[in-house]
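Student: Following this message is one structure expressed as structure tokens.
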Number of protein chains: 2
Amino acid sequence: MQASTERDKDTKTAILDTAERLFSQHGVQGVSVRRVLVEAGVNVALAHYHFGDRDGLIREVLRRRVEPLNEKRLALLDQVEDAAGPNRPALDSVLRAFFGPIVDLLDEHPDFARLIGQLHVAADPKMKQFFLTLFGDVIGRFAAAVRTALPAELGVAERACRTLFTFGAMIHTLTNQADMELLVRGRCEVPRGELLLRELVAFCTAGLTAPTSVPGSGGTR
Amino acid sequence: MQASTERDKDTKTAILDTAERLFSQHGVQGVSVRRVLVEAGVNVALAHYHFGDRDGLIREVLRRRVEPLNEKRLALLDQVEDAAGPNRPALDSVLRAFFGPIVDLLDEHPDFARLIGQLHVAADPKMKQFFLTLFGDVIGRFAAAVRTALPAELGVAERACRTLFTFGAMIHTLTNQADMELLVRGRCEVPRGELLLRELVAFCTAGLTAPTSVPGSGGTR
DNA sequence: ACAGGTTTTAATCAATCGATTTATTTAATC
DNA sequence: GATTAAATAAATCGATTGATTAAAACCTGT
């Protein structure tokens, strides 16, 4: 079992890589296990041998990249909070810690980044639940950090809206890189890496801290 | 053929309503035509009779609500441009014309709103193409209006990024209303209607007009 | 070289899919 | 009331799906 992991890993990785690509291109529900295995060039029974069933395959495709992503994000958030010392960390620092690792992922594994975005929108409740176990802790910590860095005069409703918008800006960027190419239309390179990160942070920081639009009272407190 | 449209319409509408709901709940690819028809309580051959094939059904589910949506948006944009007279319309007015009708849709047909958001992320190229024919003109006109209302010092890359973020904020709001409930957790009502619209406009206006984050040169012009 | 477990293979299962065909019922027209 | 077209129903098609099985091939440690 010990030395056998080498061959094992090759086949497993081939299956996962192919699944990641196909899931990203056609949607998780649009790809059969058989197709993944055929395109990976391995026997059609090997997915069930290595991953149990279809859900096991999907879960492993996600798990192998989300876990490192979570670690990166939490490490950066720790760093930001340490640097702030007794003060509350600035909003843009928190956002940068949250967005940075996934902007990197967009460079390193664009198929996977797109897949993550797709699944954030996925309707299937079973998948939603698995997503919660994958991201729950990290999102919880960041949500708390963002909330303390937000203007105090924001009501619950405004905060909820803007948090959702912030997620939307990030996730849509993952899924719709193709639209970005249409938008720049060759007039410049497709924004990525540090430039993309900077714009994302700037956009969401400005949006989150915009003067409250609720008239009079200052909003539902 | 004339008087028969009455019965016809009932069955057709029942199929479309059920398809809209199921597509929204489980994803377009996650629902079979048979299931739609069974849950609609009609014979399993009627979808092919009324809509030709599976794609025809999907297209009609979209078309019947997107066309009125497009008309509303264009009418509002005309209104905004007329009111501006010789001046360029303000950014928030343009955004309000774009977001308003779909925020209404979120109230009137939440399943459909969610479905639209899902398909904006859909990977299938055939669906992407159909989406372009559905939304292409409207998005083109609004994109132009937004661009002229944007700060002049924004480079191509920044403009592309922020446009994508703006779409993301809107679309994510359509698909992830469930997250909104988690965010407010009963401390206030789920933001909707005018409040939601106002926040969305405020967020995106602030984000789009944020001072450019590109250091030095002022960005790629 | 041999024994043990692991990995791979080929064949097969019932279930479900989109689609078609044929037959029956319903409604409108003359 | 007979004729004709539209709408509904029932039955069935081949193809594909996720999953299982039993045998073959492979590697490893001795």
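FYI, nothing fancy with the structure tokens labels: chains A, B, ... in order, residues from 1 per chain, ligands from 1 as they appear.
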What's the 10 Å shell around region 138-141 of chain B, counting only C-alpha atoms (C1' of nucleotides), without same-chain residues fewer than 6 positions away, as a PDB file with C-alpha atoms, in the first residue's frame?

Tutor:
ATOM      1  CA  LEU B  69     -37.280  42.344 -19.251  1.00  0.00           C
ATOM      2  CA  ASN B  70     -35.342  43.724 -22.205  1.00  0.00           C
ATOM      3  CA  GLU B  71     -38.161  46.054 -23.133  1.00  0.00           C
ATOM      4  CA  ARG B  73     -34.666  48.033 -19.436  1.00  0.00           C
ATOM      5  CA  LEU B  74     -34.485  49.791 -22.769  1.00  0.00           C
ATOM      6  CA  LEU B  77     -32.590  53.758 -20.437  1.00  0.00           C
ATOM      7  CA  PHE B  98     -30.253  48.332 -15.751  1.00  0.00           C
ATOM      8  CA  LEU B 132     -25.910  36.388 -26.381  1.00  0.00           C
TER       9      LEU B 132
END

Student: If we count only C-alpha atoms (C1' of nucleotides) and set the cut-off at 12 Å, which residues sit around DT8 (chain C), ignoring sequence neighbours fewer than 6 positions away in its own chain? Please answer as an MDAnalysis selection string.

Tutor: (chainID A and resid 7:8 11 42:47 49:50) or (chainID D and resid 23:26)

Student: Output C-alpha atoms (C1' of nucleotides) for every residue in the selection just made, as an mmCIF file, in the first residue's frame.

Tutor:
data_model
loop_
_atom_site.group_PDB
_atom_site.id
_atom_site.type_symbol
_atom_site.label_atom_id
_atom_site.label_comp_id
_atom_site.auth_asym_id
_atom_site.auth_seq_id
_atom_site.Cartn_x
_atom_site.Cartn_y
_atom_site.Cartn_z
ATOM 1 C CA ARG A 7 1.310 4.370 -9.797
ATOM 2 C CA ASP A 8 -1.879 4.956 -7.905
ATOM 3 C CA THR A 11 -3.947 7.357 -12.398
ATOM 4 C CA VAL A 42 -8.134 4.918 -18.183
ATOM 5 C CA ASN A 43 -10.578 2.101 -17.638
ATOM 6 C CA VAL A 44 -14.121 3.165 -16.969
ATOM 7 C CA ALA A 45 -14.306 1.318 -13.675
ATOM 8 C CA LEU A 46 -11.344 3.049 -12.064
ATOM 9 C CA ALA A 47 -13.232 6.052 -10.806
ATOM 10 C CA TYR A 49 -12.408 1.932 -7.511
ATOM 11 C CA HIS A 50 -10.511 5.030 -6.437
ATOM 12 C "C1'" DA D 23 -10.942 -12.315 -13.642
ATOM 13 C "C1'" DA D 24 -6.440 -10.701 -15.216
ATOM 14 C "C1'" DA D 25 -2.224 -8.009 -14.662
ATOM 15 C "C1'" DC D 26 0.869 -5.726 -11.823
#

Student: Residues near region 133-137 of chain A, anyone? I mean within 9 Å using only C-alpha atoms (C1' of nucleotides), not counting same-chain ones fewer than 6 positions away, as a PyMOL selection string.

Tutor: chain A and resi 62-63+66-67+70

Student: Would you output that residue set with N, CA and C atoms, as a short mmCIF file (atom, residue, chain, number, x, y, z; two decimals), in the first residue's frame?

Tutor:
data_model
loop_
_atom_site.label_atom_id
_atom_site.label_comp_id
_atom_site.auth_asym_id
_atom_site.auth_seq_id
_atom_site.Cartn_x
_atom_site.Cartn_y
_atom_site.Cartn_z
N LEU A 62 -12.65 18.76 -5.73
CA LEU A 62 -12.70 20.02 -5.00
C LEU A 62 -11.70 20.04 -3.84
N ARG A 63 -11.72 18.97 -3.07
CA ARG A 63 -10.94 18.96 -1.84
C ARG A 63 -9.45 19.20 -2.06
N VAL A 66 -9.03 22.99 -2.65
CA VAL A 66 -9.64 23.94 -1.71
C VAL A 66 -8.88 23.95 -0.38
N GLU A 67 -8.40 22.80 0.04
CA GLU A 67 -7.69 22.78 1.32
C GLU A 67 -6.45 23.66 1.32
N ASN A 70 -7.65 27.28 1.43
CA ASN A 70 -8.08 27.70 2.77
C ASN A 70 -6.89 28.03 3.66
#

Student: Just to confirm, what's the straight-line distance from C1' of DA5 (chain D) to CA of Phe51 (chain B) in Å (one decimal)?

Tutor: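 One can read the C1' of DA5 (chain D) to CA of Phe51 (chain B) distance as 18.6 Å.
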
Student: Would you pick out the contacts of DT25 (chain C) at 9 Å or less, using only C-alpha atoms (C1' of nucleotides), so that residues sharing its chain but fewer than 2 positions from it are not included, and give the list as a VMD selection string?

Tutor: chain D and resid 7 to 9

Student: List every residue of region 79-204 of chain B that DSSP, applied to the backbone of this structure, places in alpha helix (DSSP H), and write the result as JSON, numbers by chain.

Tutor: {"B": [79, 80, 81, 82, 83, 84, 91, 92, 93, 94, 95, 96, 97, 98, 99, 100, 101, 102, 103, 104, 105, 106, 107, 108, 110, 111, 112, 113, 114, 115, 116, 117, 118, 119, 120, 121, 125, 126, 127, 128, 129, 130, 131, 132, 133, 134, 135, 136, 137, 138, 139, 140, 141, 142, 143, 144, 145, 146, 147, 148, 149, 156, 157, 158, 159, 160, 161, 162, 163, 164, 165, 166, 167, 168, 169, 170, 171, 172, 173, 174, 175, 177, 178, 179, 180, 181, 182, 183, 184, 193, 194, 195, 196, 197, 198, 199, 200, 201, 202, 203, 204]}

Student: Given a cut-off of 12 Å, which residues of chain D touch chain A, counting only C-alpha atoms (C1' of nucleotides), written out as number ranges by chain?

Tutor: D: 16-21, 26-29

Student: What gap, in Å, lies between CA of Val61 (chain A) and CA of Phe23 (chain A)?

Tutor: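 Distance reported for this atom pair: 9.5 Å.
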
Student: Compute the set of chain C residues within 10 Å of chain B, using only C-alpha atoms (C1' of nucleotides), and express it as a ChimeraX atom specification.

Tutor: /C:16-20,26-28

Student: Show me which bits of chain A are within 8 Å of chain B, counting only C-alpha atoms, as a CSV table (one decimal) with N, CA and C atoms, in the first residue's frame.

Tutor:
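Below is the file selection-v6.csv, written as the result:
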chain,number,residue,atom,x,y,z
A,24,SER,N,-15.3,21.9,-15.5
A,24,SER,CA,-15.2,23.3,-15.7
A,24,SER,C,-15.8,23.8,-17.1
A,25,GLN,N,-15.5,22.9,-18.1
A,25,GLN,CA,-16.0,23.3,-19.4
A,25,GLN,C,-17.5,23.1,-19.7
A,26,HIS,N,-18.0,22.0,-19.1
A,26,HIS,CA,-19.4,21.7,-19.4
A,26,HIS,C,-20.3,21.6,-18.2
A,27,GLY,N,-19.8,22.0,-17.0
A,27,GLY,CA,-20.6,21.9,-15.8
A,27,GLY,C,-20.5,20.6,-15.2
A,29,GLN,N,-22.8,18.8,-13.8
A,29,GLN,CA,-23.9,17.9,-14.2
A,29,GLN,C,-23.9,17.6,-15.7
A,30,GLY,N,-23.0,18.2,-16.4
A,30,GLY,CA,-23.0,18.0,-17.9
A,30,GLY,C,-22.0,17.0,-18.3
A,118,GLN,N,-18.6,28.2,-10.5
A,118,GLN,CA,-19.8,27.6,-10.9
A,118,GLN,C,-20.6,26.9,-9.8
A,121,VAL,N,-22.8,28.7,-7.3
A,121,VAL,CA,-24.1,29.1,-7.8
A,121,VAL,C,-25.0,27.8,-7.9
A,122,ALA,N,-24.3,26.7,-7.8
A,122,ALA,CA,-25.0,25.4,-8.0
A,122,ALA,C,-26.3,25.3,-7.1
A,123,ALA,N,-27.2,24.8,-7.7
A,123,ALA,CA,-28.5,24.7,-7.0
A,123,ALA,C,-28.6,23.5,-6.1
A,124,ASP,N,-28.0,22.4,-6.5
A,124,ASP,CA,-28.1,21.2,-5.8
A,124,ASP,C,-27.8,21.3,-4.3
A,156,VAL,N,-28.0,46.4,9.4
A,156,VAL,CA,-27.9,44.9,9.1
A,156,VAL,C,-28.2,44.7,7.6
A,157,ALA,N,-29.2,45.3,7.1
A,157,ALA,CA,-29.6,45.0,5.7
A,157,ALA,C,-28.6,45.5,4.7
A,158,GLU,N,-28.1,46.7,4.9
A,158,GLU,CA,-27.0,47.2,4.0
A,158,GLU,C,-25.8,46.3,4.1
A,160,ALA,N,-25.6,43.2,4.8
A,160,ALA,CA,-25.9,41.9,4.1
A,160,ALA,C,-25.8,42.1,2.6
A,161,CYS,N,-26.4,43.1,2.1
A,161,CYS,CA,-26.4,43.4,0.7
A,161,CYS,C,-25.0,43.5,0.2
A,162,ARG,N,-24.2,44.4,0.8
A,162,ARG,CA,-22.9,44.6,0.3
A,162,ARG,C,-21.9,43.4,0.4
A,164,LEU,N,-22.9,40.4,0.1
A,164,LEU,CA,-23.3,39.5,-1.1
A,164,LEU,C,-22.7,40.1,-2.4
A,165,PHE,N,-22.8,41.4,-2.5
A,165,PHE,CA,-22.2,42.0,-3.8
A,165,PHE,C,-20.7,41.7,-3.9
A,166,THR,N,-20.1,41.8,-2.7
A,166,THR,CA,-18.6,41.5,-2.7
A,166,THR,C,-18.3,40.1,-3.2
A,167,PHE,N,-19.0,39.2,-2.6
A,167,PHE,CA,-18.9,37.8,-3.1
A,167,PHE,C,-19.1,37.7,-4.6
A,168,GLY,N,-20.2,38.4,-5.0
A,168,GLY,CA,-20.5,38.3,-6.4
A,168,GLY,C,-19.4,38.8,-7.3
A,169,ALA,N,-18.8,39.9,-7.0
A,169,ALA,CA,-17.8,40.5,-7.8
A,169,ALA,C,-16.6,39.5,-7.9
A,170,MET,N,-16.3,38.8,-6.8
A,170,MET,CA,-15.2,37.9,-6.8
A,170,MET,C,-15.6,36.6,-7.6
A,171,ILE,N,-16.7,36.0,-7.3
A,171,ILE,CA,-17.1,34.8,-8.0
A,171,ILE,C,-17.3,34.9,-9.5
A,172,HIS,N,-17.9,36.0,-9.8
A,172,HIS,CA,-18.1,36.3,-11.3
A,172,HIS,C,-16.8,36.4,-12.0
A,173,THR,N,-15.8,37.0,-11.3
A,173,THR,CA,-14.5,37.1,-12.0
A,173,THR,C,-13.9,35.7,-12.3
A,175,THR,N,-15.6,32.9,-12.8
A,175,THR,CA,-16.4,32.1,-13.8
A,175,THR,C,-16.4,32.7,-15.2
A,176,ASN,N,-16.2,34.0,-15.3
A,176,ASN,CA,-16.4,34.7,-16.5
A,176,ASN,C,-15.2,35.4,-17.1
A,179,ASP,N,-15.6,36.6,-20.6
A,179,ASP,CA,-16.2,38.0,-20.8
A,179,ASP,C,-15.1,39.1,-20.7
A,180,MET,N,-14.2,38.8,-19.8
A,180,MET,CA,-13.1,39.8,-19.7
A,180,MET,C,-12.4,40.0,-21.0
A,183,LEU,N,-14.3,42.2,-23.1
A,183,LEU,CA,-14.4,43.6,-22.6
A,183,LEU,C,-13.1,44.3,-23.1
A,184,VAL,N,-12.0,43.7,-23.0
A,184,VAL,CA,-10.7,44.4,-23.3
A,184,VAL,C,-10.5,44.3,-24.9
A,187,ARG,N,-7.3,45.4,-26.6
A,187,ARG,CA,-6.7,46.7,-26.5
A,187,ARG,C,-5.7,46.7,-25.4
A,188,CYS,N,-5.8,45.7,-24.5
A,188,CYS,CA,-4.7,45.5,-23.5
A,188,CYS,C,-4.8,44.0,-23.1
A,189,GLU,N,-3.8,43.6,-22.3
A,189,GLU,CA,-3.8,42.3,-21.9
A,189,GLU,C,-5.0,42.0,-20.9
A,190,VAL,N,-5.4,40.8,-20.8
A,190,VAL,CA,-6.5,40.5,-19.8
A,190,VAL,C,-5.9,40.7,-18.4
A,191,PRO,N,-6.6,41.5,-17.6
A,191,PRO,CA,-6.1,41.8,-16.3
A,191,PRO,C,-6.0,40.6,-15.5
A,195,LEU,N,-2.6,43.2,-10.7
A,195,LEU,CA,-3.5,44.3,-11.2
A,195,LEU,C,-5.0,43.9,-10.9
A,196,LEU,N,-5.3,42.7,-11.2
A,196,LEU,CA,-6.7,42.2,-11.0
A,196,LEU,C,-7.0,42.3,-9.5
A,198,ARG,N,-5.7,44.2,-7.3
A,198,ARG,CA,-5.8,45.5,-6.8
A,198,ARG,C,-7.2,46.2,-7.2
A,199,GLU,N,-7.6,45.9,-8.4
A,199,GLU,CA,-8.9,46.4,-8.8
A,199,GLU,C,-10.0,45.8,-8.0
A,200,LEU,N,-9.9,44.5,-7.8
A,200,LEU,CA,-11.0,43.9,-7.0
A,200,LEU,C,-11.1,44.4,-5.6
A,202,ALA,N,-10.0,47.4,-4.6
A,202,ALA,CA,-10.4,48.8,-4.7
A,202,ALA,C,-11.9,48.9,-4.9
A,203,PHE,N,-12.5,48.1,-5.8
A,203,PHE,CA,-13.9,48.1,-6.2
A,203,PHE,C,-14.7,47.7,-4.9
A,204,CYS,N,-14.4,46.7,-4.3
A,204,CYS,CA,-15.2,46.2,-3.1
A,204,CYS,C,-15.0,47.1,-1.9
A,205,THR,N,-13.8,47.6,-1.7
A,205,THR,CA,-13.6,48.5,-0.6
A,205,THR,C,-14.5,49.8,-0.8
A,206,ALA,N,-14.5,50.3,-2.0
A,206,ALA,CA,-15.3,51.5,-2.3
A,206,ALA,C,-16.7,51.2,-2.1
A,207,GLY,N,-17.2,50.0,-2.6
A,207,GLY,CA,-18.6,49.7,-2.5
A,207,GLY,C,-19.0,49.4,-1.1
A,208,LEU,N,-18.2,48.7,-0.4
A,208,LEU,CA,-18.6,48.4,1.0
A,208,LEU,C,-18.6,49.6,1.9
A,210,ALA,N,-19.2,52.8,0.8
A,210,ALA,CA,-20.0,53.8,0.2
A,210,ALA,C,-21.0,54.4,1.3
A,211,PRO,N,-21.2,55.7,1.2
A,211,PRO,CA,-22.2,56.3,2.1
A,211,PRO,C,-23.5,55.6,2.0
A,212,THR,N,-24.2,55.4,3.1
A,212,THR,CA,-25.4,54.6,3.1
A,212,THR,C,-26.5,55.3,2.3
A,213,SER,N,-27.2,54.6,1.5
A,213,SER,CA,-28.2,55.2,0.6
A,213,SER,C,-29.5,55.2,1.2
A,214,VAL,N,-29.6,54.6,2.4
A,214,VAL,CA,-31.0,54.6,3.1
A,214,VAL,C,-31.3,56.0,3.6
A,220,THR,N,-31.9,50.3,9.0
A,220,THR,CA,-32.3,49.4,10.1
A,220,THR,C,-31.1,49.0,10.9

Student: CA of Val103 (chain B) and CA of Gly85 (chain B), how far apart in Å?

Tutor: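 Those two atoms sit 26.5 Å apart.
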